[in-house]
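As provided, query-v6.tsv (TSV, N, CA and C atoms) reads as follows.
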```tsv
chain	number	residue	atom	x	y	z
A	1	MET	N	20.39	-3.66	-22.49
A	1	MET	CA	20.62	-2.39	-23.14
A	1	MET	C	22.01	-1.91	-22.73
A	2	ASP	N	22.82	-1.64	-23.72
A	2	ASP	CA	24.18	-1.21	-23.40
A	2	ASP	C	24.24	0.31	-23.20
A	3	ARG	N	25.39	0.77	-22.78
A	3	ARG	CA	25.56	2.16	-22.41
A	3	ARG	C	25.32	3.12	-23.57
A	4	SER	N	25.77	2.76	-24.76
A	4	SER	CA	25.58	3.65	-25.91
A	4	SER	C	24.09	3.82	-26.23
A	5	GLU	N	23.32	2.77	-26.06
A	5	GLU	CA	21.89	2.86	-26.31
A	5	GLU	C	21.20	3.75	-25.26
A	6	ARG	N	21.62	3.62	-24.01
A	6	ARG	CA	21.06	4.49	-22.96
A	6	ARG	C	21.40	5.95	-23.21
A	7	ARG	N	22.64	6.22	-23.63
A	7	ARG	CA	23.02	7.60	-23.94
A	7	ARG	C	22.23	8.13	-25.13
A	8	HIS	N	22.02	7.29	-26.13
A	8	HIS	CA	21.22	7.69	-27.29
A	8	HIS	C	19.81	8.08	-26.87
A	9	HIS	N	19.18	7.25	-26.06
A	9	HIS	CA	17.81	7.52	-25.63
A	9	HIS	C	17.75	8.77	-24.74
A	10	GLU	N	18.76	8.97	-23.90
A	10	GLU	CA	18.77	10.16	-23.07
A	10	GLU	C	18.87	11.42	-23.93
A	11	ARG	N	19.74	11.42	-24.95
A	11	ARG	CA	19.84	12.57	-25.85
A	11	ARG	C	18.53	12.79	-26.61
A	12	ARG	N	17.89	11.71	-27.01
A	12	ARG	CA	16.64	11.81	-27.75
A	12	ARG	C	15.53	12.43	-26.88
A	13	ILE	N	15.43	11.98	-25.64
A	13	ILE	CA	14.40	12.49	-24.73
A	13	ILE	C	14.69	13.96	-24.37
A	14	LYS	N	15.96	14.31	-24.17
A	14	LYS	CA	16.30	15.70	-23.88
A	14	LYS	C	15.97	16.60	-25.06
A	15	ALA	N	16.20	16.14	-26.28
A	15	ALA	CA	15.86	16.92	-27.47
A	15	ALA	C	14.35	17.13	-27.54
A	16	ARG	N	13.58	16.10	-27.21
A	16	ARG	CA	12.12	16.23	-27.19
A	16	ARG	C	11.70	17.26	-26.14
A	17	PHE	N	12.35	17.24	-24.97
A	17	PHE	CA	12.07	18.20	-23.93
A	17	PHE	C	12.29	19.63	-24.43
A	18	TYR	N	13.42	19.88	-25.09
A	18	TYR	CA	13.71	21.22	-25.59
A	18	TYR	C	12.70	21.64	-26.66
A	19	ARG	N	12.28	20.71	-27.52
A	19	ARG	CA	11.27	21.04	-28.53
A	19	ARG	C	9.95	21.42	-27.87
A	20	LYS	N	9.53	20.64	-26.88
A	20	LYS	CA	8.27	20.93	-26.20
A	20	LYS	C	8.34	22.26	-25.46
A	21	GLN	N	9.45	22.55	-24.82
A	21	GLN	CA	9.58	23.80	-24.07
A	21	GLN	C	9.59	24.99	-25.02
A	22	ARG	N	10.20	24.84	-26.19
A	22	ARG	CA	10.24	25.93	-27.16
A	22	ARG	C	8.84	26.22	-27.69
A	23	ILE	N	8.04	25.19	-27.91
A	23	ILE	CA	6.68	25.37	-28.40
A	23	ILE	C	5.82	26.09	-27.36
A	24	HIS	N	5.92	25.66	-26.11
A	24	HIS	CA	5.07	26.21	-25.06
A	24	HIS	C	5.69	27.42	-24.36
A	25	GLU	N	6.96	27.71	-24.66
A	25	GLU	CA	7.66	28.87	-24.11
A	25	GLU	C	7.62	28.93	-22.59
A	26	HIS	N	7.91	27.81	-21.96
A	26	HIS	CA	7.99	27.77	-20.50
A	26	HIS	C	9.35	28.28	-20.05
A	27	GLY	N	9.44	28.72	-18.83
A	27	GLY	CA	10.70	29.21	-18.28
A	27	GLY	C	11.54	28.12	-17.65
A	28	LEU	N	11.22	26.87	-17.89
A	28	LEU	CA	11.92	25.76	-17.24
A	28	LEU	C	13.05	25.18	-18.10
A	29	THR	N	13.42	25.84	-19.18
A	29	THR	CA	14.39	25.27	-20.11
A	29	THR	C	15.80	25.53	-19.62
A	30	ASN	N	16.40	24.51	-19.04
A	30	ASN	CA	17.83	24.52	-18.71
A	30	ASN	C	18.31	23.08	-18.67
A	31	LYS	N	19.61	22.88	-18.54
A	31	LYS	CA	20.18	21.54	-18.61
A	31	LYS	C	19.69	20.64	-17.48
A	32	ARG	N	19.54	21.21	-16.29
A	32	ARG	CA	19.10	20.40	-15.16
A	32	ARG	C	17.68	19.88	-15.37
A	33	ASN	N	16.78	20.75	-15.78
A	33	ASN	CA	15.40	20.32	-15.99
A	33	ASN	C	15.29	19.34	-17.15
A	34	ALA	N	16.14	19.48	-18.16
A	34	ALA	CA	16.15	18.52	-19.26
A	34	ALA	C	16.55	17.14	-18.74
A	35	GLY	N	17.55	17.09	-17.85
A	35	GLY	CA	17.96	15.83	-17.27
A	35	GLY	C	16.91	15.22	-16.38
A	36	VAL	N	16.25	16.05	-15.59
A	36	VAL	CA	15.16	15.56	-14.73
A	36	VAL	C	14.04	14.99	-15.59
A	37	PHE	N	13.69	15.70	-16.65
A	37	PHE	CA	12.63	15.23	-17.55
A	37	PHE	C	13.04	13.92	-18.22
A	38	ALA	N	14.30	13.79	-18.63
A	38	ALA	CA	14.76	12.58	-19.31
A	38	ALA	C	14.69	11.36	-18.39
A	39	HIS	N	14.88	11.56	-17.10
A	39	HIS	CA	14.88	10.43	-16.18
A	39	HIS	C	13.54	10.18	-15.51
A	40	HIS	N	12.69	11.20	-15.41
A	40	HIS	CA	11.44	11.06	-14.67
A	40	HIS	C	10.18	11.36	-15.47
A	41	GLY	N	10.32	12.06	-16.59
A	41	GLY	CA	9.16	12.36	-17.42
A	41	GLY	C	8.42	13.63	-17.07
A	42	LYS	N	8.82	14.30	-16.01
A	42	LYS	CA	8.23	15.57	-15.61
A	42	LYS	C	9.35	16.54	-15.28
A	43	ALA	N	9.16	17.79	-15.64
A	43	ALA	CA	10.19	18.79	-15.37
A	43	ALA	C	9.97	19.46	-14.01
A	44	CYS	N	8.78	19.34	-13.47
A	44	CYS	CA	8.50	19.96	-12.18
A	44	CYS	C	7.51	19.09	-11.41
A	45	SER	N	7.16	19.53	-10.23
A	45	SER	CA	6.19	18.78	-9.43
A	45	SER	C	5.05	19.68	-9.00
A	46	CYS	N	4.67	20.60	-9.87
A	46	CYS	CA	3.57	21.50	-9.54
A	46	CYS	C	2.26	20.73	-9.51
A	47	TRP	N	1.18	21.39	-9.16
A	47	TRP	CA	-0.11	20.72	-9.04
A	47	TRP	C	-0.63	20.24	-10.39
A	48	MET	N	-0.15	20.83	-11.49
A	48	MET	CA	-0.61	20.38	-12.81
A	48	MET	C	0.15	19.14	-13.29
A	49	CYS	N	1.42	19.03	-12.91
A	49	CYS	CA	2.24	17.91	-13.38
A	49	CYS	C	2.34	16.77	-12.37
A	50	GLY	N	2.11	17.07	-11.12
A	50	GLY	CA	2.36	16.11	-10.05
A	50	GLY	C	1.31	15.03	-9.90
A	51	ASN	N	1.45	14.27	-8.86
A	51	ASN	CA	0.57	13.16	-8.56
A	51	ASN	C	-0.79	13.68	-8.11
A	52	PRO	N	-1.88	13.29	-8.79
A	52	PRO	CA	-3.20	13.78	-8.40
A	52	PRO	C	-3.63	13.32	-7.00
A	53	ARG	N	-3.11	12.19	-6.55
A	53	ARG	CA	-3.46	11.70	-5.22
A	53	ARG	C	-2.88	12.64	-4.15
A	54	ARG	N	-1.73	13.19	-4.44
A	54	ARG	CA	-1.08	14.08	-3.47
A	54	ARG	C	-1.80	15.42	-3.37
A	55	TYR	N	-2.20	15.98	-4.50
A	55	TYR	CA	-2.74	17.33	-4.50
A	55	TYR	C	-4.26	17.39	-4.37
A	56	TRP	N	-4.95	16.41	-4.92
A	56	TRP	CA	-6.41	16.48	-4.95
A	56	TRP	C	-7.10	15.31	-4.28
A	57	GLY	N	-6.35	14.32	-3.84
A	57	GLY	CA	-6.96	13.14	-3.23
A	57	GLY	C	-7.66	12.26	-4.24
A	58	GLU	N	-7.33	12.40	-5.53
A	58	GLU	CA	-7.95	11.61	-6.59
A	58	GLU	C	-7.11	10.38	-6.90
A	59	LEU	N	-7.71	9.46	-7.63
A	59	LEU	CA	-6.98	8.29	-8.10
A	59	LEU	C	-6.19	8.65	-9.36
A	60	THR	N	-5.10	7.93	-9.60
A	60	THR	CA	-4.35	8.14	-10.82
A	60	THR	C	-5.12	7.54	-11.99
A	61	MET	N	-4.71	7.86	-13.22
A	61	MET	CA	-5.38	7.35	-14.41
A	61	MET	C	-5.31	5.82	-14.45
A	62	GLN	N	-4.18	5.26	-14.06
A	62	GLN	CA	-4.02	3.81	-14.06
A	62	GLN	C	-4.99	3.16	-13.06
A	63	GLU	N	-5.15	3.77	-11.90
A	63	GLU	CA	-6.08	3.22	-10.90
A	63	GLU	C	-7.53	3.35	-11.37
A	64	ARG	N	-7.86	4.45	-12.04
A	64	ARG	CA	-9.23	4.62	-12.55
A	64	ARG	C	-9.54	3.58	-13.62
A	65	ARG	N	-8.59	3.30	-14.51
A	65	ARG	CA	-8.80	2.29	-15.54
A	65	ARG	C	-8.99	0.91	-14.92
A	66	ALA	N	-8.20	0.60	-13.90
A	66	ALA	CA	-8.32	-0.70	-13.23
A	66	ALA	C	-9.69	-0.83	-12.57
A	67	ASP	N	-10.18	0.23	-11.97
A	67	ASP	CA	-11.51	0.20	-11.35
A	67	ASP	C	-12.60	-0.02	-12.39
A	68	LEU	N	-12.48	0.64	-13.55
A	68	LEU	CA	-13.47	0.44	-14.62
A	68	LEU	C	-13.46	-0.99	-15.12
A	69	GLU	N	-12.27	-1.56	-15.25
A	69	GLU	CA	-12.19	-2.97	-15.71
A	69	GLU	C	-12.83	-3.91	-14.70
A	70	LEU	N	-12.62	-3.65	-13.41
A	70	LEU	CA	-13.22	-4.51	-12.39
A	70	LEU	C	-14.73	-4.38	-12.36
A	71	LYS	N	-15.25	-3.17	-12.59
A	71	LYS	CA	-16.69	-2.99	-12.60
A	71	LYS	C	-17.34	-3.60	-13.81
A	72	ALA	N	-16.58	-3.78	-14.89
A	72	ALA	CA	-17.13	-4.37	-16.12
A	72	ALA	C	-17.37	-5.88	-15.97
A	73	TRP	N	-16.64	-6.49	-15.05
A	73	TRP	CA	-16.82	-7.95	-14.84
A	73	TRP	C	-18.14	-8.19	-14.12
A	74	PRO	N	-18.90	-9.18	-14.57
A	74	PRO	CA	-20.20	-9.48	-13.90
A	74	PRO	C	-20.02	-10.15	-12.55
```
This entry written out as structure tokens:
Amino acid sequence: MDRSERRHHERRIKARFYRKQRIHEHGLTNKRNAGVFAHHGKACSCWMCGNPRRYWGELTMQERRADLELKAWP
């Protein structure tokens, strides 16, 4: 992937971030949070957006799916 393609995708993801923030009217809309979202997929690390293992001691969705697949095997 060349640099122009990476810049294109970054602009696309930031635009999606601004659209989502405008719909939900969150107070997190600024250039820094758009960049964080573009690179990490989350604008914050609150208990709703963060890792469930950190806040609740639960497994992540990927780990739960893997456990279900293992239990399905005889």
Shell around His9 (chain A) at 9 Å using only C-alpha atoms, local window under 5 positions removed, as a list in words
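After dropping sequence-adjacent residues, the list is Ser4, Lys14 and Ala38 of chain A.
Reported to one decimal place, the separation of CA of Ala66 (chain A) from atom N of Arg53 (chain A) is 15.4 Å.
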Between CA of His40 (chain A) and atom C of Glu10 (chain A), what is the spacing in Å?
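Atom C of Glu10 (chain A) sits 11.9 Å away from CA of His40 (chain A).
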Report, in Å with one decimal, the straight-line distance from atom N of Lys20 (chain A) to CA of Met61 (chain A).
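Between atom N of Lys20 (chain A) and CA of Met61 (chain A) the gap works out to 23.5 Å.
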Mind checking DSSP for chain A and telling me the alpha helix (DSSP H) residues as a PyMOL selection string?
chain A and resi 3-24+31-40+52-55+61-72
Residue selection dump (N, CA and C atoms) as a compact mmCIF listing (two decimals), in the frame of the given file:
```txt
# COMPACT_ATOMS: atom_id res chain seq x y z
N ARG A 3 25.39 0.77 -22.78
CA ARG A 3 25.56 2.16 -22.41
C ARG A 3 25.32 3.12 -23.57
N SER A 4 25.77 2.76 -24.76
CA SER A 4 25.58 3.65 -25.91
C SER A 4 24.09 3.82 -26.23
N GLU A 5 23.32 2.77 -26.06
CA GLU A 5 21.89 2.86 -26.31
C GLU A 5 21.20 3.75 -25.26
N ARG A 6 21.62 3.62 -24.01
CA ARG A 6 21.06 4.49 -22.96
C ARG A 6 21.40 5.95 -23.21
N ARG A 7 22.64 6.22 -23.63
CA ARG A 7 23.02 7.60 -23.94
C ARG A 7 22.23 8.13 -25.13
N HIS A 8 22.02 7.29 -26.13
CA HIS A 8 21.22 7.69 -27.29
C HIS A 8 19.81 8.08 -26.87
N HIS A 9 19.18 7.25 -26.06
CA HIS A 9 17.81 7.52 -25.63
C HIS A 9 17.75 8.77 -24.74
N GLU A 10 18.76 8.97 -23.90
CA GLU A 10 18.77 10.16 -23.07
C GLU A 10 18.87 11.42 -23.93
N ARG A 11 19.74 11.42 -24.95
CA ARG A 11 19.84 12.57 -25.85
C ARG A 11 18.53 12.79 -26.61
N ARG A 12 17.89 11.71 -27.01
CA ARG A 12 16.64 11.81 -27.75
C ARG A 12 15.53 12.43 -26.88
N ILE A 13 15.43 11.98 -25.64
CA ILE A 13 14.40 12.49 -24.73
C ILE A 13 14.69 13.96 -24.37
N LYS A 14 15.96 14.31 -24.17
CA LYS A 14 16.30 15.70 -23.88
C LYS A 14 15.97 16.60 -25.06
N ALA A 15 16.20 16.14 -26.28
CA ALA A 15 15.86 16.92 -27.47
C ALA A 15 14.35 17.13 -27.54
N ARG A 16 13.58 16.10 -27.21
CA ARG A 16 12.12 16.23 -27.19
C ARG A 16 11.70 17.26 -26.14
N PHE A 17 12.35 17.24 -24.97
CA PHE A 17 12.07 18.20 -23.93
C PHE A 17 12.29 19.63 -24.43
N TYR A 18 13.42 19.88 -25.09
CA TYR A 18 13.71 21.22 -25.59
C TYR A 18 12.70 21.64 -26.66
N ARG A 19 12.28 20.71 -27.52
CA ARG A 19 11.27 21.04 -28.53
C ARG A 19 9.95 21.42 -27.87
N LYS A 20 9.53 20.64 -26.88
CA LYS A 20 8.27 20.93 -26.20
C LYS A 20 8.34 22.26 -25.46
N GLN A 21 9.45 22.55 -24.82
CA GLN A 21 9.58 23.80 -24.07
C GLN A 21 9.59 24.99 -25.02
N ARG A 22 10.20 24.84 -26.19
CA ARG A 22 10.24 25.93 -27.16
C ARG A 22 8.84 26.22 -27.69
N ILE A 23 8.04 25.19 -27.91
CA ILE A 23 6.68 25.37 -28.40
C ILE A 23 5.82 26.09 -27.36
N HIS A 24 5.92 25.66 -26.11
CA HIS A 24 5.07 26.21 -25.06
C HIS A 24 5.69 27.42 -24.36
N LYS A 31 19.61 22.88 -18.54
CA LYS A 31 20.18 21.54 -18.61
C LYS A 31 19.69 20.64 -17.48
N ARG A 32 19.54 21.21 -16.29
CA ARG A 32 19.10 20.40 -15.16
C ARG A 32 17.68 19.88 -15.37
N ASN A 33 16.78 20.75 -15.78
CA ASN A 33 15.40 20.32 -15.99
C ASN A 33 15.29 19.34 -17.15
N ALA A 34 16.14 19.48 -18.16
CA ALA A 34 16.15 18.52 -19.26
C ALA A 34 16.55 17.14 -18.74
N GLY A 35 17.55 17.09 -17.85
CA GLY A 35 17.96 15.83 -17.27
C GLY A 35 16.91 15.22 -16.38
N VAL A 36 16.25 16.05 -15.59
CA VAL A 36 15.16 15.56 -14.73
C VAL A 36 14.04 14.99 -15.59
N PHE A 37 13.69 15.70 -16.65
CA PHE A 37 12.63 15.23 -17.55
C PHE A 37 13.04 13.92 -18.22
N ALA A 38 14.30 13.79 -18.63
CA ALA A 38 14.76 12.58 -19.31
C ALA A 38 14.69 11.36 -18.39
N HIS A 39 14.88 11.56 -17.10
CA HIS A 39 14.88 10.43 -16.18
C HIS A 39 13.54 10.18 -15.51
N HIS A 40 12.69 11.20 -15.41
CA HIS A 40 11.44 11.06 -14.67
C HIS A 40 10.18 11.36 -15.47
N PRO A 52 -1.88 13.29 -8.79
CA PRO A 52 -3.20 13.78 -8.40
C PRO A 52 -3.63 13.32 -7.00
N ARG A 53 -3.11 12.19 -6.55
CA ARG A 53 -3.46 11.70 -5.22
C ARG A 53 -2.88 12.64 -4.15
N ARG A 54 -1.73 13.19 -4.44
CA ARG A 54 -1.08 14.08 -3.47
C ARG A 54 -1.80 15.42 -3.37
N TYR A 55 -2.20 15.98 -4.50
CA TYR A 55 -2.74 17.33 -4.50
C TYR A 55 -4.26 17.39 -4.37
N MET A 61 -4.71 7.86 -13.22
CA MET A 61 -5.38 7.35 -14.41
C MET A 61 -5.31 5.82 -14.45
N GLN A 62 -4.18 5.26 -14.06
CA GLN A 62 -4.02 3.81 -14.06
C GLN A 62 -4.99 3.16 -13.06
N GLU A 63 -5.15 3.77 -11.90
CA GLU A 63 -6.08 3.22 -10.90
C GLU A 63 -7.53 3.35 -11.37
N ARG A 64 -7.86 4.45 -12.04
CA ARG A 64 -9.23 4.62 -12.55
C ARG A 64 -9.54 3.58 -13.62
N ARG A 65 -8.59 3.30 -14.51
CA ARG A 65 -8.80 2.29 -15.54
C ARG A 65 -8.99 0.91 -14.92
N ALA A 66 -8.20 0.60 -13.90
CA ALA A 66 -8.32 -0.70 -13.23
C ALA A 66 -9.69 -0.83 -12.57
N ASP A 67 -10.18 0.23 -11.97
CA ASP A 67 -11.51 0.20 -11.35
C ASP A 67 -12.60 -0.02 -12.39
N LEU A 68 -12.48 0.64 -13.55
CA LEU A 68 -13.47 0.44 -14.62
C LEU A 68 -13.46 -0.99 -15.12
N GLU A 69 -12.27 -1.56 -15.25
CA GLU A 69 -12.19 -2.97 -15.71
C GLU A 69 -12.83 -3.91 -14.70
N LEU A 70 -12.62 -3.65 -13.41
CA LEU A 70 -13.22 -4.51 -12.39
C LEU A 70 -14.73 -4.38 -12.36
N LYS A 71 -15.25 -3.17 -12.59
CA LYS A 71 -16.69 -2.99 -12.60
C LYS A 71 -17.34 -3.60 -13.81
N ALA A 72 -16.58 -3.78 -14.89
CA ALA A 72 -17.13 -4.37 -16.12
C ALA A 72 -17.37 -5.88 -15.97
```
Which of these, A:Cys44, A:Asn33, A:Arg54, A:Met1, has the shortest distance to Phe17 (chain A) once you count all atoms listed in the file?
A:Asn33
For Gln62 (chain A), find every residue with an atom within 12 Å (counting only C-alpha atoms), except residues of its own chain fewer than 4 positions away, and show them as a PyMOL selection string.
chain A and resi 51-53+58+66-69
Distance criterion (only C-alpha atoms): nearest to Ala15 (chain A) out of A:Trp56, A:Trp47, A:Trp73, A:Phe37:
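Nearest candidate to Ala15 (chain A) out of A:Trp56, A:Trp47, A:Trp73, A:Phe37: A:Phe37.
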Taking only C-alpha atoms into account, which of A:Gly35, A:Pro74, A:Gly50, A:Gly57 comes nearest Arg7 (chain A)?
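Counting only C-alpha atoms, the residue closest to Arg7 (chain A) is A:Gly35.
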From A:Ala34, A:Met48, A:Glu63, A:Lys71, residue lying nearest Tyr18 (chain A) [only N, CA and C atoms]
A:Ala34
